[in-house]
Amino acid sequence: MTTIDILKSARSAWPALRGAGTAQKDAALNAMADALLAHTDAILAANDLDMEGAKGHISEVMLDRLKLTAERVQGMAAGIREVAALPDPVGAVIRRVERPNGLVIDRVRVPMGVIAIIYESRPNVTSDAAALALKAGSACVLRGGKEAFRSANAIVAAMQAGLQSVGLPAALVQLVQDTTRQSANDLMTAVGLVDLLIPRGGAGLIRAVTENAKVPCIQTGTGICHVYVDAAADQEKALNIIDNAKTSRPSVCNAEEVLLVHEAVAAEFLPKLKARLVDDRAAKGLVPVQLRLDAAAAKRIPGVPAGERDFDTEFLDYILAVAVVPDAASAIAHIAAHSTGHSEAVVSDDPAVLDAFAAGVDSAAVYLNCSTRFTDGGEFGLGCEMGISTQKLHARGPMGLEELTTYKYIIHGDGQVR
């Protein structure tokens, strides 16, 4: 089937889901989770082929994102069940107004219709996206990267089997079979067939979609995330936060890419940072973090001189750009100039600094004395998320079920005329 054929079949299948109640949707999700587990061997065999084909073409960090194990498939199934357990947003009355003329006006959550997702080499996105779209009452058309195509195909086949087992059409979850740029362009220009397009991936993908899409789209994912260590910071706490934000999983969008340090503590703090992220990790046989230093930081510790673009790069690797700043206001200004609006953190015991940072940083998630790695639908209590929106309309931050719906007004009357 062509991409347009797939979209048309998804549109035709959508009324069956639109008419399904919460119980049937939850049964479908649980059946999809069961089917993932039942098809684990086939999914892992497909993933082995993807891994073999990707070696030498993508980085080790990206290979880790591509790799599936039995435990990761179990995690995917658990994620679907978590979505099934969440409250159904469809039909919820967001606001009710009773007018003097007797009209009762309800603003009610309703499904989008057909949601398309363009994403790169992360097979788990396949199940996360499908589960969230279905619970939110929408058909889901997935367009994955070519490196993960076999894995995604096997995952979708399993989920389709689950859907059919509870009487819903397999066409509610589909994978685009064309992995060339043409299929992405088809999704971006399918006016009348795609109600919402969500890109998940690197800066190039996000930019291509937001610049070329003729259908409504959400800008997600790119994360140049900052941590600012204030003069009044607890330095041990700061080291723990930075270590987690940078090294726990550097390939994800909520990982720290830039560190800003107040000049009053730079001489004391930066050697501790180097010991923690470089020397200690090397001694343990772990990948040391490459520190790319501005001129002021380079006077305190050895490292790689920061290049012109290092403070505007999402490294997705064991690389951290480091700058020394005069004060909190300068840190906030630096973030305004270089951030992608994803997640930023401050470490300080000064309430005035925390308040200024929270008010002055214009990103989707602002952290006070905690790691940026919490920007995630599951960590925010939303279930697995569709992505992290870095724009302001219509959704911002982790996109859970509510963010995957729209609304309409239902007006109750008794013969009123205007």
# chains A, B, ... in the order shown; residues from 1 in each chain; ligands from 1
>>> residues_around(residues="Asp243 in chain A", least_positions_apart="2", cutoff="12 Å", atoms="only C-alpha atoms", output="VMD selection string")
chain A and resid 227 236 to 241 245 to 250 255 to 257 259 272 to 278 280 to 281 288 to 289 318 to 320 370 to 373
>>> residues_around(residues="Phe374 in chain A", least_positions_apart="6", cutoff="10 Å", atoms="only C-alpha atoms", output="list in words")
Ala245, Asn254, Ala255, Ser343, Ala365, Tyr367 and Phe380 of chain A
>>> residues_around(residues="range 208-213 of chain A", least_positions_apart="5", cutoff="7 Å", atoms="only C-alpha atoms", output="MDAnalysis selection string")
chainID A and resid 188:189 199 219
>>> residues_around(residues="Glu60 in chain A", least_positions_apart="3", cutoff="12 Å", atoms="only C-alpha atoms", output="list in words")
Met51, Ala54, Lys55, Gly56, His57, Leu63, Asp64, Arg65, Leu66, Lys67, Pro250, Ser251, Val287, Leu316, Asp317 and Tyr318 of chain A
>>> write_last_selection(atoms="C-alpha atoms", output="PDB file, in the first residue's frame")
ATOM      1  CA  MET A  51      21.014  -4.107  14.545  1.00  0.00           C
ATOM      2  CA  ALA A  54      22.865  -0.499  11.413  1.00  0.00           C
ATOM      3  CA  LYS A  55      26.301  -1.386  12.795  1.00  0.00           C
ATOM      4  CA  GLY A  56      28.921   0.887  11.343  1.00  0.00           C
ATOM      5  CA  HIS A  57      26.282   3.342  10.152  1.00  0.00           C
ATOM      6  CA  LEU A  63      22.609   1.544  18.543  1.00  0.00           C
ATOM      7  CA  ASP A  64      21.605   1.354  22.202  1.00  0.00           C
ATOM      8  CA  ARG A  65      18.386   3.189  21.357  1.00  0.00           C
ATOM      9  CA  LEU A  66      17.719   0.725  18.533  1.00  0.00           C
ATOM     10  CA  LYS A  67      18.465  -2.427  20.539  1.00  0.00           C
ATOM     11  CA  PRO A 250      22.996  10.777  26.993  1.00  0.00           C
ATOM     12  CA  SER A 251      21.107   9.861  23.810  1.00  0.00           C
ATOM     13  CA  VAL A 287      33.041   6.397  28.937  1.00  0.00           C
ATOM     14  CA  LEU A 316      23.263  13.104  22.332  1.00  0.00           C
ATOM     15  CA  ASP A 317      26.605  11.736  23.479  1.00  0.00           C
ATOM     16  CA  TYR A 318      29.126  11.896  26.332  1.00  0.00           C
TER      17      TYR A 318
END
>>> closest_residue(among="A:Cys140, A:Leu37, A:Ala282, A:Val258", to="Val324 in chain A", atoms="only C-alpha atoms")
A:Val258
>>> residues_around(residues="Ala131 in chain A", least_positions_apart="5", cutoff="7 Å", atoms="only C-alpha atoms", output="number ranges by chain")
A: 29, 80, 83
>>> select_by_dssp(residues="range 269-318 of chain A", states="helix (DSSP H, G or I)", output="PyMOL selection string")
chain A and resi 269-283+295-298+310-312
>>> select_by_dssp(residues="range 133-357 of chain A", states="strand (DSSP E or B)", output="MDAnalysis selection string")
chainID A and resid 139:143 173:175 196:200 217 220 225:229 256:262 290:293 304:305 319:325 343:347
>>> write_last_selection(atoms="C-alpha atoms", output="compact mmCIF listing (two decimals), in the first residue's frame")
# COMPACT_ATOMS: atom_id res chain seq x y z
CA ALA A 139 -6.10 6.13 14.49
CA CYS A 140 -2.32 6.05 14.30
CA VAL A 141 -0.06 6.02 11.23
CA LEU A 142 3.62 5.49 12.03
CA ARG A 143 6.58 6.32 9.85
CA VAL A 173 -2.47 1.14 13.76
CA GLN A 174 -0.34 1.07 10.62
CA LEU A 175 3.29 1.46 9.64
CA LEU A 196 -2.07 15.99 13.61
CA LEU A 197 1.53 15.24 12.63
CA ILE A 198 4.15 14.68 15.33
CA PRO A 199 7.86 14.42 14.48
CA ARG A 200 10.13 12.72 17.03
CA CYS A 217 2.10 19.61 13.46
CA THR A 220 8.99 18.08 19.61
CA CYS A 225 19.11 21.31 28.04
CA HIS A 226 21.03 23.43 30.56
CA VAL A 227 22.02 23.09 34.20
CA TYR A 228 23.09 26.26 36.03
CA VAL A 229 25.14 25.88 39.23
CA GLU A 256 21.96 17.83 29.76
CA GLU A 257 24.06 19.34 26.97
CA VAL A 258 25.27 22.61 28.57
CA LEU A 259 26.57 23.43 32.05
CA LEU A 260 26.71 27.00 33.34
CA VAL A 261 28.69 27.74 36.52
CA HIS A 262 28.71 30.93 38.59
CA GLN A 290 34.36 15.19 27.02
CA LEU A 291 34.23 18.71 28.48
CA ARG A 292 34.12 21.47 25.88
CA LEU A 293 35.15 24.60 27.74
CA VAL A 304 38.62 20.72 24.77
CA PRO A 305 38.18 24.36 23.75
CA ILE A 319 29.94 15.54 25.57
CA LEU A 320 29.18 18.55 27.75
CA ALA A 321 29.66 22.22 26.86
CA VAL A 322 30.74 24.24 29.92
CA ALA A 323 30.66 28.01 30.44
CA VAL A 324 31.34 30.29 33.39
CA VAL A 325 28.82 33.10 33.93
CA SER A 343 14.26 21.51 29.95
CA GLU A 344 16.53 23.65 32.12
CA ALA A 345 17.69 23.25 35.73
CA VAL A 346 19.15 25.45 38.45
CA VAL A 347 20.98 24.26 41.55
>>> atom_distance(atom1="CA of Ala161 in chain A", atom2="CA of Val110 in chain A")
26.1 Å
>>> residues_around(residues="Pro351 in chain A", least_positions_apart="4", cutoff="12 Å", atoms="only C-alpha atoms", output="JSON, numbers by chain")
{"A": [230, 232, 233, 346, 347, 355, 356, 357, 358, 368, 369]}
>>> closest_atom_pairs(of="range 293-405 of chain A", to="range 125-129 of chain A", cutoff="10 Å", atoms="only C-alpha atoms", output="JSON lines")
{"residue": "A:Gly383", "atom": "CA", "partner": "A:Asp128", "partner_atom": "CA", "distance": 9.1}
{"residue": "A:Cys384", "atom": "CA", "partner": "A:Asp128", "partner_atom": "CA", "distance": 6.0}
{"residue": "A:Glu385", "atom": "CA", "partner": "A:Asp128", "partner_atom": "CA", "distance": 7.0}
{"residue": "A:Met386", "atom": "CA", "partner": "A:Ala129", "partner_atom": "CA", "distance": 5.4}
{"residue": "A:Gly387", "atom": "CA", "partner": "A:Ala129", "partner_atom": "CA", "distance": 8.7}
{"residue": "A:Gly400", "atom": "CA", "partner": "A:Ala129", "partner_atom": "CA", "distance": 9.9}
>>> write_last_selection(atoms="N, CA, C and O atoms", output="short mmCIF file (atom, residue, chain, number, x, y, z; two decimals), in the first residue's frame")
data_model
loop_
_atom_site.label_atom_id
_atom_site.label_comp_id
_atom_site.auth_asym_id
_atom_site.auth_seq_id
_atom_site.Cartn_x
_atom_site.Cartn_y
_atom_site.Cartn_z
N GLY A 383 1.63 8.62 31.93
CA GLY A 383 1.86 7.41 31.14
C GLY A 383 2.98 7.69 30.15
O GLY A 383 3.63 8.74 30.20
N CYS A 384 3.24 6.75 29.23
CA CYS A 384 4.26 7.02 28.23
C CYS A 384 3.78 8.17 27.35
O CYS A 384 2.60 8.32 27.09
N GLU A 385 4.72 9.03 26.94
CA GLU A 385 4.30 10.22 26.20
C GLU A 385 4.55 10.07 24.71
O GLU A 385 5.36 9.26 24.29
N MET A 386 3.84 10.89 23.93
CA MET A 386 4.01 10.89 22.50
C MET A 386 5.28 11.63 22.09
O MET A 386 5.84 11.40 21.02
N GLY A 387 5.74 12.50 22.94
CA GLY A 387 6.92 13.31 22.67
C GLY A 387 6.92 14.49 23.62
O GLY A 387 5.99 14.66 24.42
N GLY A 400 0.83 13.81 26.79
CA GLY A 400 0.07 12.65 27.22
C GLY A 400 -1.28 12.60 26.53
O GLY A 400 -1.49 13.20 25.47
#
>>> closest_residue(among="A:Gly377, A:Pro271, A:Pro123, A:Gly137", to="Arg109 in chain A", atoms="only C-alpha atoms")
A:Gly137
>>> residues_around(residues="range 13-18 of chain A", least_positions_apart="4", cutoff="7 Å", atoms="only C-alpha atoms", output="list in words")
Ser9, Gly113, Gly137, Ser138, Ala139, Leu168, Pro169, Ala171 and Leu172 of chain A
>>> closest_residue(among="A:Ala78, A:Thr405, A:Ala158, A:Ile335", to="Ala38 in chain A", atoms="only C-alpha atoms")
A:Ala158
>>> atom_distance(atom1="CA of Ala170 in chain A", atom2="CA of Val156 in chain A")
9.3 Å
>>> closest_residue(among="A:Ala70, A:Ala152, A:Val93, A:Ala136", to="Ala20 in chain A", atoms="only C-alpha atoms")
A:Ala136
>>> decode(residues="range 321-333 of chain A", atoms="all heavy atoms", output="PDB file, in the first residue's frame")
ATOM      1  N   ALA A 321      29.129  20.873  27.017  1.00  0.00           N
ATOM      2  CA  ALA A 321      29.659  22.221  26.861  1.00  0.00           C
ATOM      3  C   ALA A 321      29.575  22.934  28.207  1.00  0.00           C
ATOM      4  O   ALA A 321      28.550  22.852  28.897  1.00  0.00           O
ATOM      5  CB  ALA A 321      28.870  22.988  25.804  1.00  0.00           C
ATOM      6  N   VAL A 322      30.659  23.629  28.597  1.00  0.00           N
ATOM      7  CA  VAL A 322      30.740  24.238  29.920  1.00  0.00           C
ATOM      8  C   VAL A 322      31.119  25.706  29.776  1.00  0.00           C
ATOM      9  O   VAL A 322      32.090  26.041  29.076  1.00  0.00           O
ATOM     10  CB  VAL A 322      31.787  23.522  30.808  1.00  0.00           C
ATOM     11  CG1 VAL A 322      31.831  24.148  32.203  1.00  0.00           C
ATOM     12  CG2 VAL A 322      31.490  22.027  30.893  1.00  0.00           C
ATOM     13  N   ALA A 323      30.368  26.578  30.444  1.00  0.00           N
ATOM     14  CA  ALA A 323      30.661  28.009  30.438  1.00  0.00           C
ATOM     15  C   ALA A 323      30.583  28.556  31.855  1.00  0.00           C
ATOM     16  O   ALA A 323      29.803  28.070  32.686  1.00  0.00           O
ATOM     17  CB  ALA A 323      29.691  28.763  29.535  1.00  0.00           C
ATOM     18  N   VAL A 324      31.383  29.573  32.116  1.00  0.00           N
ATOM     19  CA  VAL A 324      31.341  30.290  33.388  1.00  0.00           C
ATOM     20  C   VAL A 324      30.574  31.589  33.170  1.00  0.00           C
ATOM     21  O   VAL A 324      30.818  32.300  32.179  1.00  0.00           O
ATOM     22  CB  VAL A 324      32.766  30.582  33.905  1.00  0.00           C
ATOM     23  CG1 VAL A 324      32.724  31.444  35.161  1.00  0.00           C
ATOM     24  CG2 VAL A 324      33.499  29.271  34.176  1.00  0.00           C
ATOM     25  N   VAL A 325      29.641  31.894  34.066  1.00  0.00           N
ATOM     26  CA  VAL A 325      28.816  33.096  33.927  1.00  0.00           C
ATOM     27  C   VAL A 325      28.937  33.961  35.178  1.00  0.00           C
ATOM     28  O   VAL A 325      29.202  33.451  36.269  1.00  0.00           O
ATOM     29  CB  VAL A 325      27.333  32.726  33.680  1.00  0.00           C
ATOM     30  CG1 VAL A 325      27.162  32.049  32.332  1.00  0.00           C
ATOM     31  CG2 VAL A 325      26.784  31.846  34.790  1.00  0.00           C
ATOM     32  N   PRO A 326      28.720  35.280  35.053  1.00  0.00           N
ATOM     33  CA  PRO A 326      28.898  36.170  36.205  1.00  0.00           C
ATOM     34  C   PRO A 326      27.842  36.030  37.292  1.00  0.00           C
ATOM     35  O   PRO A 326      28.130  36.250  38.467  1.00  0.00           O
ATOM     36  CB  PRO A 326      28.830  37.575  35.582  1.00  0.00           C
ATOM     37  CG  PRO A 326      28.967  37.394  34.125  1.00  0.00           C
ATOM     38  CD  PRO A 326      28.507  36.011  33.806  1.00  0.00           C
ATOM     39  N   ASP A 327      26.609  35.679  36.887  1.00  0.00           N
ATOM     40  CA  ASP A 327      25.525  35.625  37.871  1.00  0.00           C
ATOM     41  C   ASP A 327      24.326  34.888  37.276  1.00  0.00           C
ATOM     42  O   ASP A 327      24.351  34.452  36.123  1.00  0.00           O
ATOM     43  CB  ASP A 327      25.117  37.044  38.309  1.00  0.00           C
ATOM     44  CG  ASP A 327      24.863  37.969  37.126  1.00  0.00           C
ATOM     45  OD1 ASP A 327      24.407  37.475  36.066  1.00  0.00           O
ATOM     46  OD2 ASP A 327      25.116  39.176  37.251  1.00  0.00           O
ATOM     47  N   ALA A 328      23.267  34.774  38.102  1.00  0.00           N
ATOM     48  CA  ALA A 328      22.067  34.051  37.657  1.00  0.00           C
ATOM     49  C   ALA A 328      21.409  34.736  36.467  1.00  0.00           C
ATOM     50  O   ALA A 328      20.916  34.069  35.551  1.00  0.00           O
ATOM     51  CB  ALA A 328      21.077  33.921  38.809  1.00  0.00           C
ATOM     52  N   ALA A 329      21.396  36.053  36.466  1.00  0.00           N
ATOM     53  CA  ALA A 329      20.780  36.783  35.346  1.00  0.00           C
ATOM     54  C   ALA A 329      21.494  36.461  34.039  1.00  0.00           C
ATOM     55  O   ALA A 329      20.854  36.299  32.983  1.00  0.00           O
ATOM     56  CB  ALA A 329      20.801  38.277  35.622  1.00  0.00           C
ATOM     57  N   SER A 330      22.822  36.343  34.092  1.00  0.00           N
ATOM     58  CA  SER A 330      23.586  35.996  32.893  1.00  0.00           C
ATOM     59  C   SER A 330      23.292  34.562  32.452  1.00  0.00           C
ATOM     60  O   SER A 330      23.238  34.269  31.247  1.00  0.00           O
ATOM     61  CB  SER A 330      25.074  36.156  33.164  1.00  0.00           C
ATOM     62  OG  SER A 330      25.388  37.493  33.504  1.00  0.00           O
ATOM     63  N   ALA A 331      23.101  33.663  33.421  1.00  0.00           N
ATOM     64  CA  ALA A 331      22.742  32.282  33.077  1.00  0.00           C
ATOM     65  C   ALA A 331      21.394  32.245  32.372  1.00  0.00           C
ATOM     66  O   ALA A 331      21.218  31.549  31.354  1.00  0.00           O
ATOM     67  CB  ALA A 331      22.711  31.421  34.338  1.00  0.00           C
ATOM     68  N   ILE A 332      20.431  32.993  32.898  1.00  0.00           N
ATOM     69  CA  ILE A 332      19.098  33.039  32.288  1.00  0.00           C
ATOM     70  C   ILE A 332      19.188  33.612  30.872  1.00  0.00           C
ATOM     71  O   ILE A 332      18.542  33.119  29.936  1.00  0.00           O
ATOM     72  CB  ILE A 332      18.140  33.857  33.173  1.00  0.00           C
ATOM     73  CG1 ILE A 332      17.892  33.111  34.491  1.00  0.00           C
ATOM     74  CG2 ILE A 332      16.818  34.126  32.453  1.00  0.00           C
ATOM     75  CD1 ILE A 332      17.191  33.942  35.556  1.00  0.00           C
ATOM     76  N   ALA A 333      20.013  34.644  30.686  1.00  0.00           N
ATOM     77  CA  ALA A 333      20.182  35.243  29.359  1.00  0.00           C
ATOM     78  C   ALA A 333      20.857  34.268  28.398  1.00  0.00           C
ATOM     79  O   ALA A 333      20.486  34.187  27.215  1.00  0.00           O
ATOM     80  CB  ALA A 333      21.005  36.521  29.476  1.00  0.00           C
TER      81      ALA A 333
END
